[in-house]
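Peer 1: First, the structure itself, so that you have it in front of you.
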Amino acid sequence: NKADCLSVYGVARETHAITGAPLAAEPTGTVKATLTEVLPVKVLAPDLCGRFAGRVIRGVNAKASTPAWMRERLEKSGQRSITALVDISNYVMLEAGRPTHVFDLDKISTAPSGVSGGLEVRWAKKGETLKLLNGNTVELDENVGVIAETQTGAVESLVGIMGGDRTAVSLDTTNVYVEAAFWHPLAIQGRARRFNFSTDAGHRFERGVDWETIPAHLDRISALILEICGGEAGPIDDQIINLPSRKPVTMRIARAHKVIGVAVAPDEMASIFTRLGLTHTRTGEAFIVTPPSYRFDIEIEEDLIEEIARIYGFDNIPALPPVARAAMRAQPEATRSLHELRAAFAACDYFETINYSFVDKSWEHELLGNADPINLLNPIASQMAVMRSSLIPGLLAIVQYNVSHKADRVRVFELGKVFKRDASVADGPLSVAGITQPLKLAGVAFGGAVAEQWASQKRAADFYDVKADLAAVLPDGAHFVAAEHPLLHPGRSAKIELNHATIGWIGELHPKHLSRFELTSAPIVFEVDVAPLQQRALTVHMPVSKQPLVRRDIALVVANAVNSDALVNSLKKVAPAFVRSVDVFDVYRGSGVPEGQKSVAIRVLMQDTERTLADTEIEGACQQMLSKAQEQHGATLRA
C-alpha cells in the first residue's frame, strides 16, 4: 500500500534501503525526435493537474506481437497480454510505477485546417458522460477531472483512472499520442469508488506518483513502442503547471529515541536516510530531511521516526512493558455508564444485538415516514443503501429471523447511533456537517412475558411489561404521554417526555407492518435517547423510620383523556415531605363511572422519620392533593 513501492523499481529501492544491496539504475530509453508535430494541450485546472507531458508517434504497427519476455513478465505480475501498445503501457506502469495513457491520434477530432485537434485538461461539467474502456458509461460532474477534445468538447478520458472507449487504440491504429501526467492525489482520491470500480492507475495516482521522472518515463515507453511497433516520434511537450512544494521535515534525535524506545546512533540514522534516498542535513541534535518527489507519506516528524524504526528493524526493538503511573480515578456517581445500561436490560432477559448502520430505503419510507433518508454513495448491497434513522426496524428483522427458526419468545435490544439530517451541525473531529448522530437505546419484546414454566400462567408480553423494564432506567421526571407514531399502533403507543422534550417512544407495532416481518402477533417496541438515561440522581441516605407507615387509597374520577402519569405528578408536586410515594394501582371504566370517564385508584404512603403523624396532618395532605387534582384535571372523588 506504500505509494513508492507500487512498482518493481520501487520494491528494488526499498530492498536496497533495508539490506544495503547495491541499487541498479532505473531502466530508461533514448528517443530521437524525427517529427516536429506537437499536439496542443491546454491545462485549465491547475488544482487537478500539476504537470502534463505527451508526444506524438506516427507510423506504428499496432498488430506487432508483444515480445515473449514482456508477455511473461506481465503474466507473472497478474496482467494478461492484450495488444502490444496496451502491454507496453502496462509494463511501464508495473516497472516504474508510472501509469500512462495511449490515445489513437486519428480518433481525436481534427481542426478546421485538417491537422489533429488538441486536448484540454479540466474538471468535468455536470451531465457529461463517458464510455470507458471497460464498457461502462458513467455520468460525470464537477468533482471529476477529464481530458476532453478542444474542438468538440467531447470527453475522452477520466484522468488518473481510465481512458475512454472512443479514442482507445486498436489493431488498426497507426498514429498515437502518449500521455504522462502528475495528477494531484486529492483530485483523484475516491473518484473511482463513486463509479463502483477500481483501477491500477487510480490506485497509484490517489497515493501520489513521482512528478520529476515524467520525461524519463515518457522516453522509456516511447523507446519500447518504437522498438516493438516501429514508427517515428515527435518531441516531448512538457508543461509544468502547479507542482507540490516539498517542505523540509525536522526530526529530533531525542524524540526519535523516546518514541522508538531504542537509542539508535545518529550515524545509523544518517545512513538510513541515505539508503532511503532522503536528502538530509544534521544540525546539532536534529535532522532536517527534504522528502523526494516520489515520497508523499513524509510530512511530519513521526513519519521520519517510522522510517528509522522500520529500516532499523522492528525485531531489533526490545518488547518492554510500558512504565506509567497507575492512578485510581473516581467514578462519577451521577452518570450511568453505557455498560450499566446494557447490564440493566440484560438483567431483564433481553439479548444485546449489533446491526449494520445501513438499512433498506423502504424501511425509512414506509416504516418511519422518513422521506429524505441519508443515501450512501457506494452501498455494499442494494438493501443497505441508506443510513438508519431508527434502530427498531433492524431489531424487527432479528425478531423475524428468530421466529422463522421456530423461536416463540424473542427479547432483544441494541445501543447504537442513528443518523438524521440537521442543518445546525457543523463539521468537526467527530461530526459531519448537516448530519446529527444521536446515540439511541431500542428494544423489542415478542412472545411470552416470561419463559414458559410451571410457576406462572402463560401470557403475551404487553405494553406495561416493557414500560416497566424501561421505567427502571428512566431519570426522575420522565413520563409517558399517549401519542401516535407511524411505526406504532394508534391508541397503543406513547411518547416519553422529560422536561417538556420528547426523548423516546414506546408502543405496540402497527398491525399493517406485521406482514412485512411475517409476524402473527404484534411485538412491543421502544426507542429512547441514551443521554438522558445516563443521568441519575445521587444516592441519598435515608434512615429507616421507626414510626408506623400510613396508607390512604384515593379513587379519583377523571376524563379518559387525562394521563395517569400527569395526574400522579401533579399530586407529588403538592405532597408534603412526609409523603413517601404516590402510585396508581388500578384504573376502572364501567358501571358506576360516567361515560367518557375513568376511575383511577391511587395509593399514598406517608411516614415521618421522627414522629407519629397526626390525623389532621394525614387528612390535610390528602385534601391538599385532592384540591390540586380537582383544580388541574377536574378530578372528583369516586362515591
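Convention: chains lettered A, B, ... in C-alpha cells order; per-chain residue numbering from 1; ligands numbered from 1 as shown.
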Would you mind listing what lies within 8 Å of A:Glu156 as a list of chain:residue names, with only C-alpha atoms counted and same-chain residues fewer than 3 positions away left out?
Peer 2: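 Non-adjacent residues within range: A:Leu130, A:Val146, A:Ile147, A:Ala148, A:Glu149, A:Gly163, A:Gly164, A:Asp165, A:Arg166, A:Thr167.
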Peer 1: Next, write the just-selected residues to a file, as a JSON list (two decimals), in the first residue's frame, keeping all heavy atoms as the atom set.
Peer 2:
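To be explicit, this is the file written out as result_32.json:
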```json
[["chain", "number", "residue", "atom", "x", "y", "z"],
["A", 130, "LEU", "N", -19.28, 9.59, -20.34],
["A", 130, "LEU", "CA", -18.11, 9.00, -20.97],
["A", 130, "LEU", "C", -18.23, 7.49, -20.96],
["A", 130, "LEU", "O", -18.51, 6.89, -19.91],
["A", 130, "LEU", "CB", -16.83, 9.42, -20.23],
["A", 130, "LEU", "CG", -15.52, 8.73, -20.66],
["A", 130, "LEU", "CD1", -15.18, 9.10, -22.09],
["A", 130, "LEU", "CD2", -14.39, 9.10, -19.71],
["A", 146, "VAL", "N", -11.19, 15.40, -16.22],
["A", 146, "VAL", "CA", -11.26, 14.73, -17.52],
["A", 146, "VAL", "C", -10.25, 15.34, -18.48],
["A", 146, "VAL", "O", -9.76, 16.45, -18.28],
["A", 146, "VAL", "CB", -12.68, 14.85, -18.14],
["A", 146, "VAL", "CG1", -13.72, 14.16, -17.29],
["A", 146, "VAL", "CG2", -13.05, 16.33, -18.36],
["A", 147, "ILE", "N", -9.95, 14.57, -19.53],
["A", 147, "ILE", "CA", -9.26, 15.09, -20.71],
["A", 147, "ILE", "C", -10.30, 15.12, -21.82],
["A", 147, "ILE", "O", -10.95, 14.11, -22.10],
["A", 147, "ILE", "CB", -8.07, 14.21, -21.11],
["A", 147, "ILE", "CG1", -7.02, 14.19, -20.00],
["A", 147, "ILE", "CG2", -7.43, 14.71, -22.40],
["A", 147, "ILE", "CD1", -5.84, 13.27, -20.28],
["A", 148, "ALA", "N", -10.48, 16.28, -22.43],
["A", 148, "ALA", "CA", -11.52, 16.44, -23.45],
["A", 148, "ALA", "C", -10.90, 17.04, -24.71],
["A", 148, "ALA", "O", -9.81, 17.61, -24.69],
["A", 148, "ALA", "CB", -12.64, 17.35, -22.93],
["A", 149, "GLU", "N", -11.61, 16.88, -25.82],
["A", 149, "GLU", "CA", -11.15, 17.46, -27.08],
["A", 149, "GLU", "C", -11.42, 18.97, -27.08],
["A", 149, "GLU", "O", -12.49, 19.42, -26.66],
["A", 149, "GLU", "CB", -11.87, 16.81, -28.26],
["A", 149, "GLU", "CG", -11.48, 15.36, -28.46],
["A", 149, "GLU", "CD", -12.15, 14.75, -29.67],
["A", 149, "GLU", "OE1", -12.92, 15.48, -30.34],
["A", 149, "GLU", "OE2", -11.92, 13.58, -29.95],
["A", 163, "GLY", "N", -9.13, 5.47, -19.38],
["A", 163, "GLY", "CA", -9.36, 6.17, -20.64],
["A", 163, "GLY", "C", -10.73, 5.87, -21.22],
["A", 163, "GLY", "O", -11.44, 4.97, -20.78],
["A", 164, "GLY", "N", -11.09, 6.66, -22.22],
["A", 164, "GLY", "CA", -12.38, 6.47, -22.89],
["A", 164, "GLY", "C", -12.29, 5.47, -24.02],
["A", 164, "GLY", "O", -11.22, 5.20, -24.58],
["A", 165, "ASP", "N", -13.45, 4.94, -24.37],
["A", 165, "ASP", "CA", -13.50, 3.89, -25.40],
["A", 165, "ASP", "C", -13.30, 4.46, -26.80],
["A", 165, "ASP", "O", -12.71, 3.82, -27.66],
["A", 165, "ASP", "CB", -14.85, 3.17, -25.30],
["A", 165, "ASP", "CG", -15.01, 2.10, -26.35],
["A", 165, "ASP", "OD1", -14.33, 1.06, -26.24],
["A", 165, "ASP", "OD2", -15.81, 2.30, -27.30],
["A", 166, "ARG", "N", -13.76, 5.69, -27.06],
["A", 166, "ARG", "CA", -13.76, 6.20, -28.44],
["A", 166, "ARG", "C", -12.36, 6.41, -28.99],
["A", 166, "ARG", "O", -12.10, 6.16, -30.17],
["A", 166, "ARG", "CB", -14.55, 7.51, -28.51],
["A", 166, "ARG", "CG", -14.99, 7.88, -29.93],
["A", 166, "ARG", "CD", -15.67, 9.23, -29.96],
["A", 166, "ARG", "NE", -14.73, 10.32, -29.77],
["A", 166, "ARG", "CZ", -13.97, 10.82, -30.75],
["A", 166, "ARG", "NH1", -14.04, 10.33, -31.98],
["A", 166, "ARG", "NH2", -13.14, 11.82, -30.51],
["A", 167, "THR", "N", -11.41, 6.88, -28.16],
["A", 167, "THR", "CA", -10.05, 7.14, -28.65],
["A", 167, "THR", "C", -9.07, 6.06, -28.23],
["A", 167, "THR", "O", -7.86, 6.27, -28.24],
["A", 167, "THR", "CB", -9.56, 8.50, -28.12],
["A", 167, "THR", "OG1", -9.70, 8.51, -26.69],
["A", 167, "THR", "CG2", -10.35, 9.65, -28.71]]
```
Peer 1: Within stretch 394-592 of chain A, find each residue whose DSSP state, derived from the backbone, is helix (DSSP H, G or I), and express the selection as number ranges by chain.
Peer 2: A: 394-404, 463-471, 511-513, 530-533, 564-574
Peer 1: When you look at stretch 348-357 of chain A with a cut-off of 6 Å (counting only C-alpha atoms), what residues show up, excluding the ones that are within fewer than 5 positions of it in the same chain? I need them as a PyMOL selection string.
Peer 2: chain A and resi 387-388+411-414
Peer 1: Skip A:Leu498 itself and residues of its chain fewer than 5 positions away, then list as a PyMOL selection string all residues within 7 Å of it, counting only C-alpha atoms.
Peer 2: chain A and resi 477-479+503
Peer 1: I need the residue nearest A:Gln383 from this list: A:Cys5, A:Leu415, A:Val359, A:Ala483. Use only C-alpha atoms for the distance.
Peer 2: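 Under the stated criterion, the closest residue is A:Val359.
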Peer 1: With only C-alpha atoms as the counted atoms, please give the residues lying no more than 7 Å from A:Phe287, apart from itself and same-chain residues fewer than 2 positions off, as an mmCIF file with C-alpha atoms, in the first residue's frame.
Peer 2:
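Wrote result.cif, looks like this:
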```cif
data_model
loop_
_atom_site.group_PDB
_atom_site.id
_atom_site.type_symbol
_atom_site.label_atom_id
_atom_site.label_comp_id
_atom_site.auth_asym_id
_atom_site.auth_seq_id
_atom_site.Cartn_x
_atom_site.Cartn_y
_atom_site.Cartn_z
ATOM 1 C CA THR A 250 12.731 18.222 11.221
ATOM 2 C CA MET A 251 13.323 15.120 13.336
ATOM 3 C CA ARG A 252 14.755 15.483 16.818
ATOM 4 C CA HIS A 280 19.202 15.423 4.838
ATOM 5 C CA THR A 281 21.414 17.644 6.955
ATOM 6 C CA ARG A 282 22.237 17.396 10.644
ATOM 7 C CA THR A 283 22.027 20.480 12.844
ATOM 8 C CA VAL A 289 15.088 15.993 5.821
#
```
